[in-house]
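A short write-up of the structure that comes next.
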Amino acid sequence: MKSLILAMFFLFLSGCGASWHYSNTGTGTLKGKVLVQWIAPDQFMFIPDDSDPLTFTRSNGSVIKPEKMFTDGGSIPRPMWAFRNYSPWGYAPAFMIHDWLFVMKQCRLPGYEQYNHRIAADIMAEVMKTLMEDPRYGGRNKLVHYSMYKAVSSSIAEESWENGACHQPGDRSIDAFAKNPRMEYLITFP
């Protein structure tokens with residue numbers, strides 16, 4: 001009985017934290033196309049559309065526009081995939097924006113200095129909330145929003161931010177593959 005009461009207490013606290021965090025996260029504007037090509041199992045390439053690239057304008061007015069990069073979608077532990085909204089592609093635009101910030105940092109691309117791992121987590125939370133506020137994309141889920149924020153702001157994520165290797169497209173065999181992909185996924189935002 002004590003275990004049940006303790007579990008309910010912690011669930012209540014996480015619900016309060018989730019609600020507070022969601023209320024204090026801004027929203028932005030998401031537009032453009034998400035184009036992802038399959039390279040191999042669990043390996044994908046994000047390719048910006050020439051005429052309508054994925055763009056996120058933050059609540060503070062700054063703009064993030066990802067460039068060509070490798071991605072695995074959201075780095076969600078496989079056992080979590082069994083739960084609704086915890087797939088590596090459930091919030092693909094948020095994951096692409098977040099992955100791009102990591103690529104900028106790890107490859108030392110122009111502008112990377114303005115971000116740190118905590119800011120990258122805040123930005124992913126903004127993109128997720130922007131999606132959740134639009135009923136076409138599933139509606140609000142404060143617990144999913146908060147749990148994903150906690151994961152990407154964790155010390156494990158910070159370690160990856162600080163010490164991850166730079167992997168950029170440019171290998172001729174991969175670029176050749178991108179011209180004739182086996183599979184391609186396209187999502188468009190107004």
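Following the order of the structure tokens, chains are lettered A, B, ..., residues in each are numbered from 1, and ligands are numbered from 1.
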
Write down as JSON, numbers by chain the residues belonging to chain A that are assigned helix (DSSP H, G or I) by DSSP computed on the backbone. {"A": [2, 3, 4, 5, 6, 7, 8, 9, 10, 11, 12, 13, 14, 15, 16, 17, 18, 19, 20, 21, 22, 23, 78, 79, 80, 81, 82, 92, 93, 94, 95, 96, 97, 98, 99, 100, 101, 102, 103, 104, 105, 106, 112, 113, 114, 117, 118, 119, 120, 121, 122, 123, 124, 125, 126, 127, 128, 129, 130, 131, 132, 135, 136, 137, 142, 143, 144, 145, 146, 147, 148, 149, 150, 151, 152, 155, 156, 157, 158, 159, 160, 161, 162, 163, 172, 173, 174, 175, 176, 177, 178, 179]}

Residue selection dump (C-alpha atoms) as a PDB file, in the first residue's frame:
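The resulting result.pdb:
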ATOM      1  CA  LYS A   2       2.835   2.407   0.837  1.00  0.00           C
ATOM      2  CA  SER A   3       4.367   1.753  -2.582  1.00  0.00           C
ATOM      3  CA  LEU A   4       1.094   2.590  -4.319  1.00  0.00           C
ATOM      4  CA  ILE A   5       0.705   5.835  -2.357  1.00  0.00           C
ATOM      5  CA  LEU A   6       4.320   6.769  -3.060  1.00  0.00           C
ATOM      6  CA  ALA A   7       3.905   6.020  -6.776  1.00  0.00           C
ATOM      7  CA  MET A   8       0.722   8.127  -6.921  1.00  0.00           C
ATOM      8  CA  PHE A   9       2.494  10.976  -5.105  1.00  0.00           C
ATOM      9  CA  PHE A  10       5.377  11.000  -7.624  1.00  0.00           C
ATOM     10  CA  LEU A  11       2.927  10.765 -10.525  1.00  0.00           C
ATOM     11  CA  PHE A  12       1.079  13.774  -9.094  1.00  0.00           C
ATOM     12  CA  LEU A  13       4.327  15.749  -8.767  1.00  0.00           C
ATOM     13  CA  SER A  14       5.398  14.941 -12.315  1.00  0.00           C
ATOM     14  CA  GLY A  15       1.961  16.026 -13.539  1.00  0.00           C
ATOM     15  CA  CYS A  16       2.360  19.368 -11.753  1.00  0.00           C
ATOM     16  CA  GLY A  17       5.841  19.820 -13.207  1.00  0.00           C
ATOM     17  CA  ALA A  18       4.563  18.908 -16.661  1.00  0.00           C
ATOM     18  CA  SER A  19       1.723  21.418 -16.481  1.00  0.00           C
ATOM     19  CA  TRP A  20       3.994  24.204 -15.200  1.00  0.00           C
ATOM     20  CA  HIS A  21       6.636  23.510 -17.859  1.00  0.00           C
ATOM     21  CA  TYR A  22       4.076  23.424 -20.678  1.00  0.00           C
ATOM     22  CA  SER A  23       2.551  26.751 -19.559  1.00  0.00           C
ATOM     23  CA  ARG A  78      13.237   1.339 -28.117  1.00  0.00           C
ATOM     24  CA  PRO A  79      11.051   0.065 -25.201  1.00  0.00           C
ATOM     25  CA  MET A  80       9.310   3.474 -25.138  1.00  0.00           C
ATOM     26  CA  TRP A  81       8.202   3.043 -28.765  1.00  0.00           C
ATOM     27  CA  ALA A  82       5.379   0.866 -27.460  1.00  0.00           C
ATOM     28  CA  ALA A  92       9.622  14.779 -36.432  1.00  0.00           C
ATOM     29  CA  PRO A  93       9.921  18.562 -36.979  1.00  0.00           C
ATOM     30  CA  ALA A  94      10.990  19.059 -33.351  1.00  0.00           C
ATOM     31  CA  PHE A  95      13.499  16.231 -33.638  1.00  0.00           C
ATOM     32  CA  MET A  96      14.901  17.608 -36.914  1.00  0.00           C
ATOM     33  CA  ILE A  97      15.365  21.092 -35.427  1.00  0.00           C
ATOM     34  CA  HIS A  98      16.996  19.596 -32.301  1.00  0.00           C
ATOM     35  CA  ASP A  99      19.258  17.310 -34.352  1.00  0.00           C
ATOM     36  CA  TRP A 100      20.322  20.289 -36.456  1.00  0.00           C
ATOM     37  CA  LEU A 101      21.399  22.221 -33.340  1.00  0.00           C
ATOM     38  CA  PHE A 102      23.538  19.208 -32.356  1.00  0.00           C
ATOM     39  CA  VAL A 103      25.072  19.048 -35.850  1.00  0.00           C
ATOM     40  CA  MET A 104      25.833  22.782 -35.681  1.00  0.00           C
ATOM     41  CA  LYS A 105      27.607  22.326 -32.335  1.00  0.00           C
ATOM     42  CA  GLN A 106      29.462  19.123 -33.109  1.00  0.00           C
ATOM     43  CA  TYR A 112      26.724  27.221 -33.054  1.00  0.00           C
ATOM     44  CA  GLU A 113      28.149  29.496 -30.341  1.00  0.00           C
ATOM     45  CA  GLN A 114      24.719  30.947 -29.589  1.00  0.00           C
ATOM     46  CA  HIS A 117      22.503  21.930 -24.634  1.00  0.00           C
ATOM     47  CA  ARG A 118      19.896  23.597 -22.375  1.00  0.00           C
ATOM     48  CA  ILE A 119      18.887  26.107 -25.069  1.00  0.00           C
ATOM     49  CA  ALA A 120      18.628  23.244 -27.588  1.00  0.00           C
ATOM     50  CA  ALA A 121      16.271  21.453 -25.162  1.00  0.00           C
ATOM     51  CA  ASP A 122      14.178  24.620 -24.761  1.00  0.00           C
ATOM     52  CA  ILE A 123      13.951  24.995 -28.542  1.00  0.00           C
ATOM     53  CA  MET A 124      12.816  21.389 -28.993  1.00  0.00           C
ATOM     54  CA  ALA A 125      10.159  21.991 -26.312  1.00  0.00           C
ATOM     55  CA  GLU A 126       8.989  25.100 -28.217  1.00  0.00           C
ATOM     56  CA  VAL A 127       8.673  23.188 -31.480  1.00  0.00           C
ATOM     57  CA  MET A 128       6.798  20.364 -29.736  1.00  0.00           C
ATOM     58  CA  LYS A 129       4.391  22.800 -28.089  1.00  0.00           C
ATOM     59  CA  THR A 130       3.882  24.569 -31.424  1.00  0.00           C
ATOM     60  CA  LEU A 131       2.849  21.201 -32.888  1.00  0.00           C
ATOM     61  CA  MET A 132       0.705  20.274 -29.868  1.00  0.00           C
ATOM     62  CA  PRO A 135      -5.172  20.066 -33.255  1.00  0.00           C
ATOM     63  CA  ARG A 136      -4.133  18.589 -36.618  1.00  0.00           C
ATOM     64  CA  TYR A 137      -1.062  17.152 -34.913  1.00  0.00           C
ATOM     65  CA  LYS A 142       1.854  17.863 -21.266  1.00  0.00           C
ATOM     66  CA  LEU A 143       3.372  14.684 -19.847  1.00  0.00           C
ATOM     67  CA  VAL A 144       4.941  13.700 -23.197  1.00  0.00           C
ATOM     68  CA  HIS A 145       6.137  17.283 -23.669  1.00  0.00           C
ATOM     69  CA  TYR A 146       7.743  17.395 -20.217  1.00  0.00           C
ATOM     70  CA  SER A 147       9.251  13.912 -20.304  1.00  0.00           C
ATOM     71  CA  MET A 148      10.889  14.561 -23.682  1.00  0.00           C
ATOM     72  CA  TYR A 149      12.177  17.908 -22.436  1.00  0.00           C
ATOM     73  CA  LYS A 150      13.666  16.234 -19.362  1.00  0.00           C
ATOM     74  CA  ALA A 151      15.339  13.613 -21.564  1.00  0.00           C
ATOM     75  CA  VAL A 152      16.964  16.147 -23.906  1.00  0.00           C
ATOM     76  CA  SER A 155      23.251  14.961 -18.261  1.00  0.00           C
ATOM     77  CA  ILE A 156      23.316  12.141 -20.844  1.00  0.00           C
ATOM     78  CA  ALA A 157      22.159  14.587 -23.532  1.00  0.00           C
ATOM     79  CA  GLU A 158      24.674  17.151 -22.300  1.00  0.00           C
ATOM     80  CA  GLU A 159      27.485  14.585 -22.616  1.00  0.00           C
ATOM     81  CA  SER A 160      26.432  13.932 -26.218  1.00  0.00           C
ATOM     82  CA  TRP A 161      26.243  17.680 -26.866  1.00  0.00           C
ATOM     83  CA  GLU A 162      29.731  18.290 -25.494  1.00  0.00           C
ATOM     84  CA  ASN A 163      31.508  15.206 -26.859  1.00  0.00           C
ATOM     85  CA  ARG A 172      29.924  10.545 -52.442  1.00  0.00           C
ATOM     86  CA  SER A 173      28.247   7.156 -51.979  1.00  0.00           C
ATOM     87  CA  ILE A 174      25.699   8.637 -49.589  1.00  0.00           C
ATOM     88  CA  ASP A 175      25.109  11.692 -51.768  1.00  0.00           C
ATOM     89  CA  ALA A 176      24.618   9.395 -54.773  1.00  0.00           C
ATOM     90  CA  PHE A 177      22.117   7.409 -52.734  1.00  0.00           C
ATOM     91  CA  ALA A 178      20.218  10.612 -51.907  1.00  0.00           C
ATOM     92  CA  LYS A 179      19.628  11.198 -55.629  1.00  0.00           C
TER      93      LYS A 179
END

Could you name the residues that touch stretch 53-67 of chain A at 6 Å or less, counting only C-alpha atoms, but leaving out those on the same chain fewer than 5 positions away, as a PDB file with C-alpha atoms, in the first residue's frame?
ATOM      1  CA  GLY A  26       6.633  29.548 -25.744  1.00  0.00           C
ATOM      2  CA  THR A  27       5.349  28.676 -29.184  1.00  0.00           C
ATOM      3  CA  GLY A  28       6.729  29.692 -32.528  1.00  0.00           C
ATOM      4  CA  THR A  29       5.914  29.274 -36.192  1.00  0.00           C
ATOM      5  CA  LEU A  30       6.683  26.123 -38.117  1.00  0.00           C
ATOM      6  CA  LYS A  31       6.631  26.061 -41.902  1.00  0.00           C
ATOM      7  CA  GLY A  32       8.110  24.182 -44.786  1.00  0.00           C
ATOM      8  CA  LYS A  33       8.670  20.554 -45.665  1.00  0.00           C
ATOM      9  CA  VAL A  34      10.283  17.727 -43.727  1.00  0.00           C
ATOM     10  CA  PRO A  48      15.903  20.526 -46.954  1.00  0.00           C
ATOM     11  CA  TRP A 100      20.322  20.289 -36.456  1.00  0.00           C
TER      12      TRP A 100
END

Could you give me the residues within chain A that DSSP places in strand (DSSP E or B), as a VMD selection string? chain A and resid 29 to 40 43 to 46 53 55 to 57 63 to 64 69 to 71 184 to 189

Selection above as a file: N, CA and C atoms, as an mmCIF file, in the first residue's frame:
data_model
loop_
_atom_site.group_PDB
_atom_site.id
_atom_site.type_symbol
_atom_site.label_atom_id
_atom_site.label_comp_id
_atom_site.auth_asym_id
_atom_site.auth_seq_id
_atom_site.Cartn_x
_atom_site.Cartn_y
_atom_site.Cartn_z
ATOM 1 N N THR A 29 6.561 29.540 -34.914
ATOM 2 C CA THR A 29 5.914 29.274 -36.192
ATOM 3 C C THR A 29 6.739 28.242 -36.937
ATOM 4 N N LEU A 30 6.047 27.213 -37.386
ATOM 5 C CA LEU A 30 6.683 26.123 -38.117
ATOM 6 C C LEU A 30 6.159 26.151 -39.538
ATOM 7 N N LYS A 31 7.070 26.118 -40.511
ATOM 8 C CA LYS A 31 6.631 26.061 -41.902
ATOM 9 C C LYS A 31 7.641 25.270 -42.713
ATOM 10 N N GLY A 32 7.215 24.885 -43.884
ATOM 11 C CA GLY A 32 8.110 24.182 -44.786
ATOM 12 C C GLY A 32 7.864 22.687 -44.829
ATOM 13 N N LYS A 33 8.800 21.994 -45.462
ATOM 14 C CA LYS A 33 8.670 20.554 -45.665
ATOM 15 C C LYS A 33 9.749 19.805 -44.898
ATOM 16 N N VAL A 34 9.343 18.659 -44.338
ATOM 17 C CA VAL A 34 10.283 17.727 -43.727
ATOM 18 C C VAL A 34 10.457 16.601 -44.737
ATOM 19 N N LEU A 35 11.641 16.492 -45.300
ATOM 20 C CA LEU A 35 11.941 15.440 -46.263
ATOM 21 C C LEU A 35 13.044 14.572 -45.673
ATOM 22 N N VAL A 36 12.717 13.301 -45.444
ATOM 23 C CA VAL A 36 13.665 12.363 -44.842
ATOM 24 C C VAL A 36 13.809 11.170 -45.761
ATOM 25 N N GLN A 37 15.039 10.793 -46.035
ATOM 26 C CA GLN A 37 15.311 9.625 -46.875
ATOM 27 C C GLN A 37 15.933 8.517 -46.034
ATOM 28 N N TRP A 38 15.497 7.300 -46.334
ATOM 29 C CA TRP A 38 16.026 6.126 -45.650
ATOM 30 C C TRP A 38 17.353 5.734 -46.266
ATOM 31 N N ILE A 39 18.374 5.553 -45.427
ATOM 32 C CA ILE A 39 19.685 5.122 -45.895
ATOM 33 C C ILE A 39 19.886 3.648 -45.574
ATOM 34 N N ALA A 40 19.631 3.293 -44.311
ATOM 35 C CA ALA A 40 19.786 1.922 -43.819
ATOM 36 C C ALA A 40 18.933 1.825 -42.557
ATOM 37 N N GLN A 43 18.864 4.611 -39.911
ATOM 38 C CA GLN A 43 19.726 5.681 -40.412
ATOM 39 C C GLN A 43 18.994 6.415 -41.533
ATOM 40 N N PHE A 44 18.871 7.724 -41.359
ATOM 41 C CA PHE A 44 18.122 8.540 -42.298
ATOM 42 C C PHE A 44 18.906 9.804 -42.619
ATOM 43 N N MET A 45 18.514 10.455 -43.697
ATOM 44 C CA MET A 45 19.092 11.740 -44.048
ATOM 45 C C MET A 45 17.958 12.749 -44.205
ATOM 46 N N PHE A 46 18.091 13.866 -43.511
ATOM 47 C CA PHE A 46 17.170 14.980 -43.673
ATOM 48 C C PHE A 46 17.707 15.826 -44.827
ATOM 49 N N PRO A 53 11.898 25.103 -47.450
ATOM 50 C CA PRO A 53 12.655 24.406 -46.407
ATOM 51 C C PRO A 53 11.972 24.470 -45.041
ATOM 52 N N THR A 55 11.460 25.429 -41.530
ATOM 53 C CA THR A 55 11.917 26.614 -40.814
ATOM 54 C C THR A 55 11.106 26.751 -39.539
ATOM 55 N N PHE A 56 11.803 27.011 -38.428
ATOM 56 C CA PHE A 56 11.120 27.282 -37.172
ATOM 57 C C PHE A 56 11.520 28.668 -36.706
ATOM 58 N N THR A 57 10.505 29.525 -36.507
ATOM 59 C CA THR A 57 10.732 30.849 -35.955
ATOM 60 C C THR A 57 10.319 30.791 -34.496
ATOM 61 N N VAL A 63 15.394 32.490 -35.960
ATOM 62 C CA VAL A 63 14.975 31.523 -36.977
ATOM 63 C C VAL A 63 15.992 30.391 -37.065
ATOM 64 N N ILE A 64 15.482 29.160 -37.130
ATOM 65 C CA ILE A 64 16.328 27.976 -37.285
ATOM 66 C C ILE A 64 15.872 27.251 -38.539
ATOM 67 N N MET A 69 21.494 16.755 -43.262
ATOM 68 C CA MET A 69 22.164 16.105 -42.133
ATOM 69 C C MET A 69 21.691 14.670 -41.988
ATOM 70 N N PHE A 70 22.491 13.887 -41.285
ATOM 71 C CA PHE A 70 22.074 12.546 -40.892
ATOM 72 C C PHE A 70 21.202 12.676 -39.658
ATOM 73 N N THR A 71 20.242 11.770 -39.507
ATOM 74 C CA THR A 71 19.358 11.794 -38.345
ATOM 75 C C THR A 71 18.865 10.389 -38.037
ATOM 76 N N GLU A 184 11.331 7.565 -49.315
ATOM 77 C CA GLU A 184 11.358 8.982 -49.015
ATOM 78 C C GLU A 184 10.072 9.320 -48.277
ATOM 79 N N TYR A 185 10.176 10.117 -47.218
ATOM 80 C CA TYR A 185 9.022 10.534 -46.424
ATOM 81 C C TYR A 185 8.939 12.047 -46.492
ATOM 82 N N LEU A 186 7.742 12.578 -46.735
ATOM 83 C CA LEU A 186 7.569 14.016 -46.876
ATOM 84 C C LEU A 186 6.387 14.468 -46.032
ATOM 85 N N ILE A 187 6.630 15.484 -45.192
ATOM 86 C CA ILE A 187 5.583 16.109 -44.384
ATOM 87 C C ILE A 187 5.652 17.597 -44.698
ATOM 88 N N THR A 188 4.511 18.240 -44.957
ATOM 89 C CA THR A 188 4.493 19.660 -45.298
ATOM 90 C C THR A 188 3.709 20.438 -44.248
ATOM 91 N N PHE A 189 4.253 21.588 -43.832
ATOM 92 C CA PHE A 189 3.573 22.484 -42.903
ATOM 93 C C PHE A 189 3.257 23.770 -43.633
#
